[in-house]
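Text of coords-v3.pdb, listed as PDB, N, CA and C atoms:
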```pdb
ATOM      1  N   MET A   1      16.504  12.279   5.571
ATOM      2  CA  MET A   1      17.499  13.282   5.263
ATOM      3  C   MET A   1      18.742  12.587   4.730
ATOM      4  N   PRO A   2      19.206  13.000   3.585
ATOM      5  CA  PRO A   2      20.415  12.389   3.052
ATOM      6  C   PRO A   2      21.663  12.876   3.789
ATOM      7  N   ALA A   3      22.694  12.062   3.737
ATOM      8  CA  ALA A   3      23.985  12.431   4.308
ATOM      9  C   ALA A   3      24.845  13.028   3.201
ATOM     10  N   LYS A   4      25.673  13.985   3.576
ATOM     11  CA  LYS A   4      26.555  14.620   2.598
ATOM     12  C   LYS A   4      27.967  14.086   2.821
ATOM     13  N   CYS A   5      28.556  13.550   1.769
ATOM     14  CA  CYS A   5      29.903  12.996   1.836
ATOM     15  C   CYS A   5      30.899  14.126   2.096
ATOM     16  N   SER A   6      31.767  13.913   3.067
ATOM     17  CA  SER A   6      32.760  14.947   3.367
ATOM     18  C   SER A   6      33.870  14.994   2.325
ATOM     19  N   SER A   7      34.038  13.930   1.554
ATOM     20  CA  SER A   7      35.092  13.901   0.536
ATOM     21  C   SER A   7      34.646  14.532  -0.783
ATOM     22  N   CYS A   8      33.512  14.054  -1.316
ATOM     23  CA  CYS A   8      33.079  14.513  -2.639
ATOM     24  C   CYS A   8      31.926  15.512  -2.594
ATOM     25  N   GLY A   9      31.219  15.620  -1.492
ATOM     26  CA  GLY A   9      30.118  16.569  -1.371
ATOM     27  C   GLY A   9      28.800  16.089  -1.938
ATOM     28  N   LYS A  10      28.738  14.838  -2.435
ATOM     29  CA  LYS A  10      27.493  14.308  -2.987
ATOM     30  C   LYS A  10      26.600  13.781  -1.878
ATOM     31  N   LEU A  11      25.303  13.678  -2.176
ATOM     32  CA  LEU A  11      24.332  13.202  -1.204
ATOM     33  C   LEU A  11      24.123  11.695  -1.342
ATOM     34  N   SER A  12      23.891  11.034  -0.221
ATOM     35  CA  SER A  12      23.566   9.610  -0.229
ATOM     36  C   SER A  12      22.641   9.318   0.942
ATOM     37  N   TYR A  13      21.977   8.170   0.890
ATOM     38  CA  TYR A  13      21.016   7.807   1.926
ATOM     39  C   TYR A  13      21.005   6.293   2.101
ATOM     40  N   VAL A  14      20.385   5.855   3.193
ATOM     41  CA  VAL A  14      20.178   4.431   3.449
ATOM     42  C   VAL A  14      18.736   4.131   3.072
ATOM     43  N   HIS A  15      18.522   3.141   2.223
ATOM     44  CA  HIS A  15      17.183   2.786   1.768
ATOM     45  C   HIS A  15      16.312   2.375   2.963
ATOM     46  N   SER A  16      15.012   2.632   2.863
ATOM     47  CA  SER A  16      14.090   2.350   3.968
ATOM     48  C   SER A  16      13.969   0.865   4.280
ATOM     49  N   LYS A  17      14.326  -0.007   3.333
ATOM     50  CA  LYS A  17      14.238  -1.439   3.628
ATOM     51  C   LYS A  17      15.254  -1.852   4.685
ATOM     52  N   TYR A  18      16.251  -0.993   4.942
ATOM     53  CA  TYR A  18      17.252  -1.285   5.966
ATOM     54  C   TYR A  18      16.946  -0.599   7.296
ATOM     55  N   ARG A  19      15.833   0.074   7.382
ATOM     56  CA  ARG A  19      15.541   0.906   8.540
ATOM     57  C   ARG A  19      15.496   0.137   9.856
ATOM     58  N   PHE A  20      14.971  -1.073   9.849
ATOM     59  CA  PHE A  20      14.814  -1.801  11.104
ATOM     60  C   PHE A  20      15.949  -2.776  11.373
ATOM     61  N   GLY A  21      16.929  -2.843  10.500
ATOM     62  CA  GLY A  21      18.112  -3.645  10.749
ATOM     63  C   GLY A  21      17.952  -5.133  10.537
ATOM     64  N   PHE A  22      16.916  -5.559   9.833
ATOM     65  CA  PHE A  22      16.716  -6.994   9.633
ATOM     66  C   PHE A  22      17.738  -7.591   8.672
ATOM     67  N   GLN A  23      18.350  -6.760   7.822
ATOM     68  CA  GLN A  23      19.299  -7.262   6.855
ATOM     69  C   GLN A  23      20.649  -7.549   7.483
ATOM     70  N   SER A  24      20.938  -6.949   8.600
ATOM     71  CA  SER A  24      22.243  -7.130   9.232
ATOM     72  C   SER A  24      22.034  -7.720  10.618
ATOM     73  N   ALA A  25      21.744  -8.984  10.672
ATOM     74  CA  ALA A  25      21.396  -9.631  11.931
ATOM     75  C   ALA A  25      22.603  -9.915  12.810
ATOM     76  N   TRP A  26      23.792 -10.016  12.227
ATOM     77  CA  TRP A  26      24.947 -10.403  13.038
ATOM     78  C   TRP A  26      25.262  -9.421  14.152
ATOM     79  N   PRO A  27      25.320  -8.101  13.921
ATOM     80  CA  PRO A  27      25.564  -7.201  15.054
ATOM     81  C   PRO A  27      24.474  -7.305  16.117
ATOM     82  N   PHE A  28      23.233  -7.493  15.666
ATOM     83  CA  PHE A  28      22.113  -7.640  16.605
ATOM     84  C   PHE A  28      22.279  -8.894  17.448
ATOM     85  N   VAL A  29      22.549 -10.011  16.804
ATOM     86  CA  VAL A  29      22.697 -11.288  17.511
ATOM     87  C   VAL A  29      23.900 -11.249  18.448
ATOM     88  N   VAL A  30      25.020 -10.721  17.956
ATOM     89  CA  VAL A  30      26.228 -10.672  18.781
ATOM     90  C   VAL A  30      26.019  -9.776  20.000
ATOM     91  N   SER A  31      25.371  -8.626  19.817
ATOM     92  CA  SER A  31      25.153  -7.737  20.960
ATOM     93  C   SER A  31      24.231  -8.380  21.984
ATOM     94  N   TRP A  32      23.183  -9.070  21.521
ATOM     95  CA  TRP A  32      22.290  -9.716  22.483
ATOM     96  C   TRP A  32      22.941 -10.913  23.153
ATOM     97  N   LEU A  33      23.767 -11.650  22.445
ATOM     98  CA  LEU A  33      24.505 -12.746  23.085
ATOM     99  C   LEU A  33      25.476 -12.204  24.134
ATOM    100  N   ALA A  34      26.116 -11.075  23.831
ATOM    101  CA  ALA A  34      27.009 -10.456  24.807
ATOM    102  C   ALA A  34      26.239  -9.979  26.033
ATOM    103  N   ILE A  35      25.041  -9.458  25.828
ATOM    104  CA  ILE A  35      24.219  -9.022  26.958
ATOM    105  C   ILE A  35      23.811 -10.220  27.810
ATOM    106  N   VAL A  36      23.410 -11.297  27.162
ATOM    107  CA  VAL A  36      23.038 -12.510  27.907
ATOM    108  C   VAL A  36      24.243 -13.032  28.679
ATOM    109  N   LEU A  37      25.402 -13.027  28.068
ATOM    110  CA  LEU A  37      26.617 -13.465  28.751
ATOM    111  C   LEU A  37      26.941 -12.563  29.938
ATOM    112  N   THR A  38      26.734 -11.257  29.786
ATOM    113  CA  THR A  38      26.968 -10.324  30.885
ATOM    114  C   THR A  38      26.026 -10.603  32.041
ATOM    115  N   ILE A  39      24.760 -10.869  31.748
ATOM    116  CA  ILE A  39      23.799 -11.190  32.808
ATOM    117  C   ILE A  39      24.179 -12.507  33.477
ATOM    118  N   TYR A  40      24.645 -13.469  32.709
ATOM    119  CA  TYR A  40      25.101 -14.748  33.266
ATOM    120  C   TYR A  40      26.282 -14.526  34.211
ATOM    121  N   VAL A  41      27.238 -13.696  33.778
ATOM    122  CA  VAL A  41      28.385 -13.383  34.643
ATOM    123  C   VAL A  41      27.915 -12.659  35.899
ATOM    124  N   PHE A  42      26.909 -11.817  35.786
ATOM    125  CA  PHE A  42      26.361 -11.140  36.964
ATOM    126  C   PHE A  42      25.829 -12.153  37.968
ATOM    127  N   PHE A  43      25.083 -13.140  37.468
ATOM    128  CA  PHE A  43      24.544 -14.138  38.391
ATOM    129  C   PHE A  43      25.645 -15.006  38.996
ATOM    130  N   LEU A  44      26.722 -15.238  38.249
ATOM    131  CA  LEU A  44      27.833 -16.019  38.796
ATOM    132  C   LEU A  44      28.631 -15.224  39.830
ATOM    133  N   SER A  45      28.910 -13.959  39.509
ATOM    134  CA  SER A  45      29.763 -13.158  40.389
ATOM    135  C   SER A  45      28.986 -12.404  41.460
ATOM    136  N   ASN A  46      27.697 -12.201  41.255
ATOM    137  CA  ASN A  46      26.845 -11.449  42.170
ATOM    138  C   ASN A  46      27.387 -10.039  42.392
ATOM    139  N   ASN A  47      27.939  -9.445  41.318
ATOM    140  CA  ASN A  47      28.487  -8.095  41.352
ATOM    141  C   ASN A  47      27.652  -7.221  40.424
ATOM    142  N   ILE A  48      26.955  -6.250  40.989
ATOM    143  CA  ILE A  48      26.032  -5.423  40.205
ATOM    144  C   ILE A  48      26.766  -4.510  39.225
ATOM    145  N   ASP A  49      28.053  -4.263  39.460
ATOM    146  CA  ASP A  49      28.820  -3.411  38.544
ATOM    147  C   ASP A  49      28.934  -4.015  37.148
ATOM    148  N   VAL A  50      28.782  -5.316  37.033
ATOM    149  CA  VAL A  50      28.843  -5.983  35.735
ATOM    150  C   VAL A  50      27.698  -5.514  34.848
ATOM    151  N   LEU A  51      26.550  -5.188  35.428
ATOM    152  CA  LEU A  51      25.379  -4.777  34.647
ATOM    153  C   LEU A  51      25.552  -3.405  33.999
ATOM    154  N   VAL A  52      26.526  -2.626  34.463
ATOM    155  CA  VAL A  52      26.790  -1.315  33.871
ATOM    156  C   VAL A  52      27.280  -1.471  32.436
ATOM    157  N   VAL A  53      27.834  -2.602  32.103
ATOM    158  CA  VAL A  53      28.402  -2.849  30.775
ATOM    159  C   VAL A  53      27.308  -3.041  29.721
ATOM    160  N   ILE A  54      26.107  -3.448  30.112
ATOM    161  CA  ILE A  54      25.043  -3.794  29.156
ATOM    162  C   ILE A  54      24.707  -2.659  28.192
ATOM    163  N   PRO A  55      24.486  -1.423  28.629
ATOM    164  CA  PRO A  55      24.178  -0.373  27.638
ATOM    165  C   PRO A  55      25.312  -0.144  26.640
ATOM    166  N   PHE A  56      26.550  -0.285  27.088
ATOM    167  CA  PHE A  56      27.685  -0.084  26.189
ATOM    168  C   PHE A  56      27.764  -1.191  25.143
ATOM    169  N   ILE A  57      27.466  -2.412  25.546
ATOM    170  CA  ILE A  57      27.448  -3.525  24.587
ATOM    171  C   ILE A  57      26.341  -3.316  23.563
ATOM    172  N   TRP A  58      25.173  -2.896  24.031
ATOM    173  CA  TRP A  58      24.053  -2.668  23.127
ATOM    174  C   TRP A  58      24.388  -1.548  22.137
ATOM    175  N   LEU A  59      24.945  -0.440  22.642
ATOM    176  CA  LEU A  59      25.306   0.674  21.756
ATOM    177  C   LEU A  59      26.378   0.271  20.755
ATOM    178  N   ALA A  60      27.352  -0.517  21.176
ATOM    179  CA  ALA A  60      28.395  -0.971  20.256
ATOM    180  C   ALA A  60      27.780  -1.806  19.131
ATOM    181  N   GLY A  61      26.820  -2.658  19.461
ATOM    182  CA  GLY A  61      26.128  -3.445  18.431
ATOM    183  C   GLY A  61      25.348  -2.575  17.471
ATOM    184  N   ARG A  62      24.694  -1.542  17.974
ATOM    185  CA  ARG A  62      23.925  -0.641  17.109
ATOM    186  C   ARG A  62      24.851   0.132  16.177
ATOM    187  N   PHE A  63      25.967   0.652  16.704
ATOM    188  CA  PHE A  63      26.903   1.391  15.867
ATOM    189  C   PHE A  63      27.526   0.496  14.811
ATOM    190  N   CYS A  64      27.828  -0.740  15.189
ATOM    191  CA  CYS A  64      28.382  -1.688  14.221
ATOM    192  C   CYS A  64      27.361  -1.964  13.121
ATOM    193  N   GLU A  65      26.100  -2.085  13.488
ATOM    194  CA  GLU A  65      25.043  -2.327  12.508
ATOM    195  C   GLU A  65      24.893  -1.133  11.570
ATOM    196  N   LEU A  66      24.900   0.080  12.121
ATOM    197  CA  LEU A  66      24.764   1.270  11.286
ATOM    198  C   LEU A  66      25.947   1.434  10.336
ATOM    199  N   ALA A  67      27.129   1.060  10.796
ATOM    200  CA  ALA A  67      28.314   1.198   9.952
ATOM    201  C   ALA A  67      28.295   0.227   8.776
ATOM    202  N   SER A  68      27.529  -0.851   8.888
ATOM    203  CA  SER A  68      27.526  -1.848   7.818
ATOM    204  C   SER A  68      26.395  -1.643   6.807
ATOM    205  N   LEU A  69      25.571  -0.630   6.973
ATOM    206  CA  LEU A  69      24.463  -0.391   6.049
ATOM    207  C   LEU A  69      24.964   0.212   4.746
ATOM    208  N   PRO A  70      24.420  -0.238   3.614
ATOM    209  CA  PRO A  70      24.860   0.311   2.322
ATOM    210  C   PRO A  70      24.230   1.672   2.048
ATOM    211  N   MET A  71      25.041   2.580   1.559
ATOM    212  CA  MET A  71      24.563   3.912   1.187
ATOM    213  C   MET A  71      24.316   3.939  -0.320
ATOM    214  N   GLN A  72      23.287   4.682  -0.725
ATOM    215  CA  GLN A  72      22.947   4.816  -2.140
ATOM    216  C   GLN A  72      22.945   6.294  -2.505
ATOM    217  N   PRO A  73      23.428   6.649  -3.679
ATOM    218  CA  PRO A  73      23.446   8.064  -4.071
ATOM    219  C   PRO A  73      22.032   8.577  -4.334
ATOM    220  N   ILE A  74      21.844   9.874  -4.093
ATOM    221  CA  ILE A  74      20.553  10.512  -4.343
ATOM    222  C   ILE A  74      20.814  11.965  -4.742
ATOM    223  N   SER A  75      19.963  12.491  -5.603
ATOM    224  CA  SER A  75      20.095  13.897  -5.992
ATOM    225  C   SER A  75      19.307  14.764  -5.007
ATOM    226  N   ALA A  76      19.611  16.046  -5.010
ATOM    227  CA  ALA A  76      18.907  16.977  -4.123
ATOM    228  C   ALA A  76      17.426  17.046  -4.490
ATOM    229  N   GLU A  77      17.106  16.962  -5.789
ATOM    230  CA  GLU A  77      15.711  17.013  -6.224
ATOM    231  C   GLU A  77      14.950  15.778  -5.741
ATOM    232  N   ALA A  78      15.566  14.610  -5.870
ATOM    233  CA  ALA A  78      14.916  13.378  -5.409
ATOM    234  C   ALA A  78      14.747  13.391  -3.897
ATOM    235  N   SER A  79      15.713  13.954  -3.195
ATOM    236  CA  SER A  79      15.610  14.052  -1.742
ATOM    237  C   SER A  79      14.450  14.960  -1.336
ATOM    238  N   ASN A  80      14.320  16.100  -2.010
ATOM    239  CA  ASN A  80      13.207  17.013  -1.707
ATOM    240  C   ASN A  80      11.867  16.376  -2.032
ATOM    241  N   ALA A  81      11.776  15.662  -3.161
ATOM    242  CA  ALA A  81      10.521  14.999  -3.532
ATOM    243  C   ALA A  81      10.169  13.918  -2.517
ATOM    244  N   SER A  82      11.152  13.186  -2.060
ATOM    245  CA  SER A  82      10.920  12.145  -1.063
ATOM    246  C   SER A  82      10.466  12.752   0.261
ATOM    247  N   ARG A  83      11.067  13.861   0.641
ATOM    248  CA  ARG A  83      10.688  14.538   1.880
ATOM    249  C   ARG A  83       9.256  15.059   1.792
ATOM    250  N   LYS A  84       8.872  15.644   0.633
ATOM    251  CA  LYS A  84       7.499  16.136   0.453
ATOM    252  C   LYS A  84       6.502  14.989   0.541
ATOM    253  N   PHE A  85       6.820  13.876  -0.124
ATOM    254  CA  PHE A  85       5.937  12.720  -0.069
ATOM    255  C   PHE A  85       5.787  12.240   1.375
ATOM    256  N   GLY A  86       6.894  12.156   2.096
ATOM    257  CA  GLY A  86       6.843  11.720   3.487
ATOM    258  C   GLY A  86       6.019  12.649   4.353
ATOM    259  N   ASN A  87       6.155  13.958   4.135
ATOM    260  CA  ASN A  87       5.373  14.927   4.908
ATOM    261  C   ASN A  87       3.880  14.781   4.626
ATOM    262  N   TRP A  88       3.524  14.675   3.343
ATOM    263  CA  TRP A  88       2.103  14.513   3.001
ATOM    264  C   TRP A  88       1.558  13.181   3.503
ATOM    265  N   PHE A  89       2.385  12.151   3.473
ATOM    266  CA  PHE A  89       1.967  10.847   3.989
ATOM    267  C   PHE A  89       1.657  10.944   5.483
ATOM    268  N   MET A  90       2.506  11.628   6.238
ATOM    269  CA  MET A  90       2.287  11.766   7.676
ATOM    270  C   MET A  90       1.041  12.611   7.973
ATOM    271  N   VAL A  91       0.819  13.656   7.176
ATOM    272  CA  VAL A  91      -0.395  14.468   7.348
ATOM    273  C   VAL A  91      -1.627  13.617   7.084
ATOM    274  N   GLY A  92      -1.602  12.840   5.998
ATOM    275  CA  GLY A  92      -2.735  11.958   5.686
ATOM    276  C   GLY A  92      -2.966  10.921   6.771
ATOM    277  N   LEU A  93      -1.891  10.360   7.292
ATOM    278  CA  LEU A  93      -2.011   9.376   8.366
ATOM    279  C   LEU A  93      -2.596  10.009   9.627
ATOM    280  N   ALA A  94      -2.154  11.213   9.953
ATOM    281  CA  ALA A  94      -2.691  11.916  11.121
ATOM    282  C   ALA A  94      -4.177  12.218  10.935
ATOM    283  N   LEU A  95      -4.576  12.620   9.718
ATOM    284  CA  LEU A  95      -5.991  12.886   9.456
ATOM    285  C   LEU A  95      -6.832  11.620   9.575
ATOM    286  N   LEU A  96      -6.308  10.496   9.088
ATOM    287  CA  LEU A  96      -7.031   9.229   9.231
ATOM    288  C   LEU A  96      -7.191   8.828  10.688
ATOM    289  N   ILE A  97      -6.156   9.018  11.474
ATOM    290  CA  ILE A  97      -6.236   8.688  12.903
ATOM    291  C   ILE A  97      -7.235   9.584  13.604
ATOM    292  N   MET A  98      -7.197  10.890  13.292
ATOM    293  CA  MET A  98      -8.155  11.814  13.925
ATOM    294  C   MET A  98      -9.579  11.492  13.499
ATOM    295  N   ALA A  99      -9.782  11.117  12.223
ATOM    296  CA  ALA A  99     -11.120  10.733  11.751
ATOM    297  C   ALA A  99     -11.586   9.485  12.480
ATOM    298  N   GLY A 100     -10.681   8.536  12.687
ATOM    299  CA  GLY A 100     -11.040   7.318  13.424
ATOM    300  C   GLY A 100     -11.408   7.610  14.859
ATOM    301  N   ILE A 101     -10.682   8.509  15.484
ATOM    302  CA  ILE A 101     -10.995   8.883  16.868
ATOM    303  C   ILE A 101     -12.343   9.585  16.950
ATOM    304  N   LEU A 102     -12.582  10.518  16.004
ATOM    305  CA  LEU A 102     -13.854  11.233  15.984
ATOM    306  C   LEU A 102     -15.015  10.276  15.694
ATOM    307  N   ALA A 103     -14.814   9.332  14.794
ATOM    308  CA  ALA A 103     -15.871   8.375  14.472
ATOM    309  C   ALA A 103     -16.162   7.465  15.668
ATOM    310  N   GLY A 104     -15.129   7.168  16.438
ATOM    311  CA  GLY A 104     -15.318   6.312  17.622
ATOM    312  C   GLY A 104     -16.041   7.024  18.751
ATOM    313  N   ASN A 105     -16.013   8.369  18.761
ATOM    314  CA  ASN A 105     -16.683   9.133  19.818
ATOM    315  C   ASN A 105     -18.155   9.332  19.542
ATOM    316  N   TYR A 106     -18.605   9.070  18.317
ATOM    317  CA  TYR A 106     -20.009   9.281  17.991
ATOM    318  C   TYR A 106     -20.749   7.987  17.854
TER
END
```

Is it possible to give me this structure as structure tokens?
Amino acid sequence: MPAKCSSCGKLSYVHSKYRFGFQSAWPFVVSWLAIVLTIYVFFLSNNIDVLVVIPFIWLAGRFCELASLPMQPISAEASNASRKFGNWFMVGLALLIMAGILAGNY
């Protein structure tokens, strides 16, 4: 689903090559280093309240990663065509999985 710019009203999206966040490793690495440091501080202080910080550190890293992703413009027609392709792809994938399950039962 494309995002609609609140300023100009045009549509834009994040390319699928950025979906898993491999292009922006720094927020991922920093968040995991902060989590490791938090666990280390927990073992030093023996205070379980320190572990409450871990989900917040992880979420901050994810939001930082999402904020750094490049947006690309897209037209409404291209968005609809992409959505149709994705829907048909998922239907085909589901049919292949069901065929595999049925073939495995016989």

Got a sec to tell me which of chain A DSSP assigns to alpha helix (DSSP H), as a ChimeraX atom specification?
/A:25-45,53-67,76-105

Report the distance between atom CA of Pro55 of chain A and atom CA of Ile39 of chain A in Å, rounded to one decimal place.
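Answer for the atom CA of Pro55 of chain A to atom CA of Ile39 of chain A separation: 12.0 Å.
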
Between atom C of Leu59 of chain A and atom C of Ser31 of chain A, what distance in Å does the model show, to one decimal?
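Between these atoms lies a distance of 9.0 Å.
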
In Å to one decimal, how far is atom CA of Pro70 of chain A from atom CA of Ala3 of chain A?
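If I compute the distance from atom CA of Ala3 of chain A to atom CA of Pro70 of chain A, I get 12.3 Å.
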
Nearest-residue call for Ile74 of chain A, choices A:Ala103, A:Val14, A:Cys8, A:Met90, using only C-alpha atoms
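Distance minimum relative to Ile74 of chain A lands on A:Val14.
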
Mind checking DSSP for chain A and telling me the strand (DSSP E) residues as a PyMOL selection string?
chain A and resi 3-4+11-13+72-73

Any chance you could work out the axis-aligned box around segment 54-59 of chain A, listed atoms only, 3 Å on each side, giving centre and edge lengths in Å to one decimal, as JSON?
```
{"center_x": 25.9, "center_y": -1.6, "center_z": 25.4, "size_x": 9.7, "size_y": 10.5, "size_z": 15.4}
```

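Nearest to Pro73 of chain A of all the residues A:Ser6, A:Gly92, A:Ile35, A:Ser12 is A:Ser12, based on only N, CA and C atoms.
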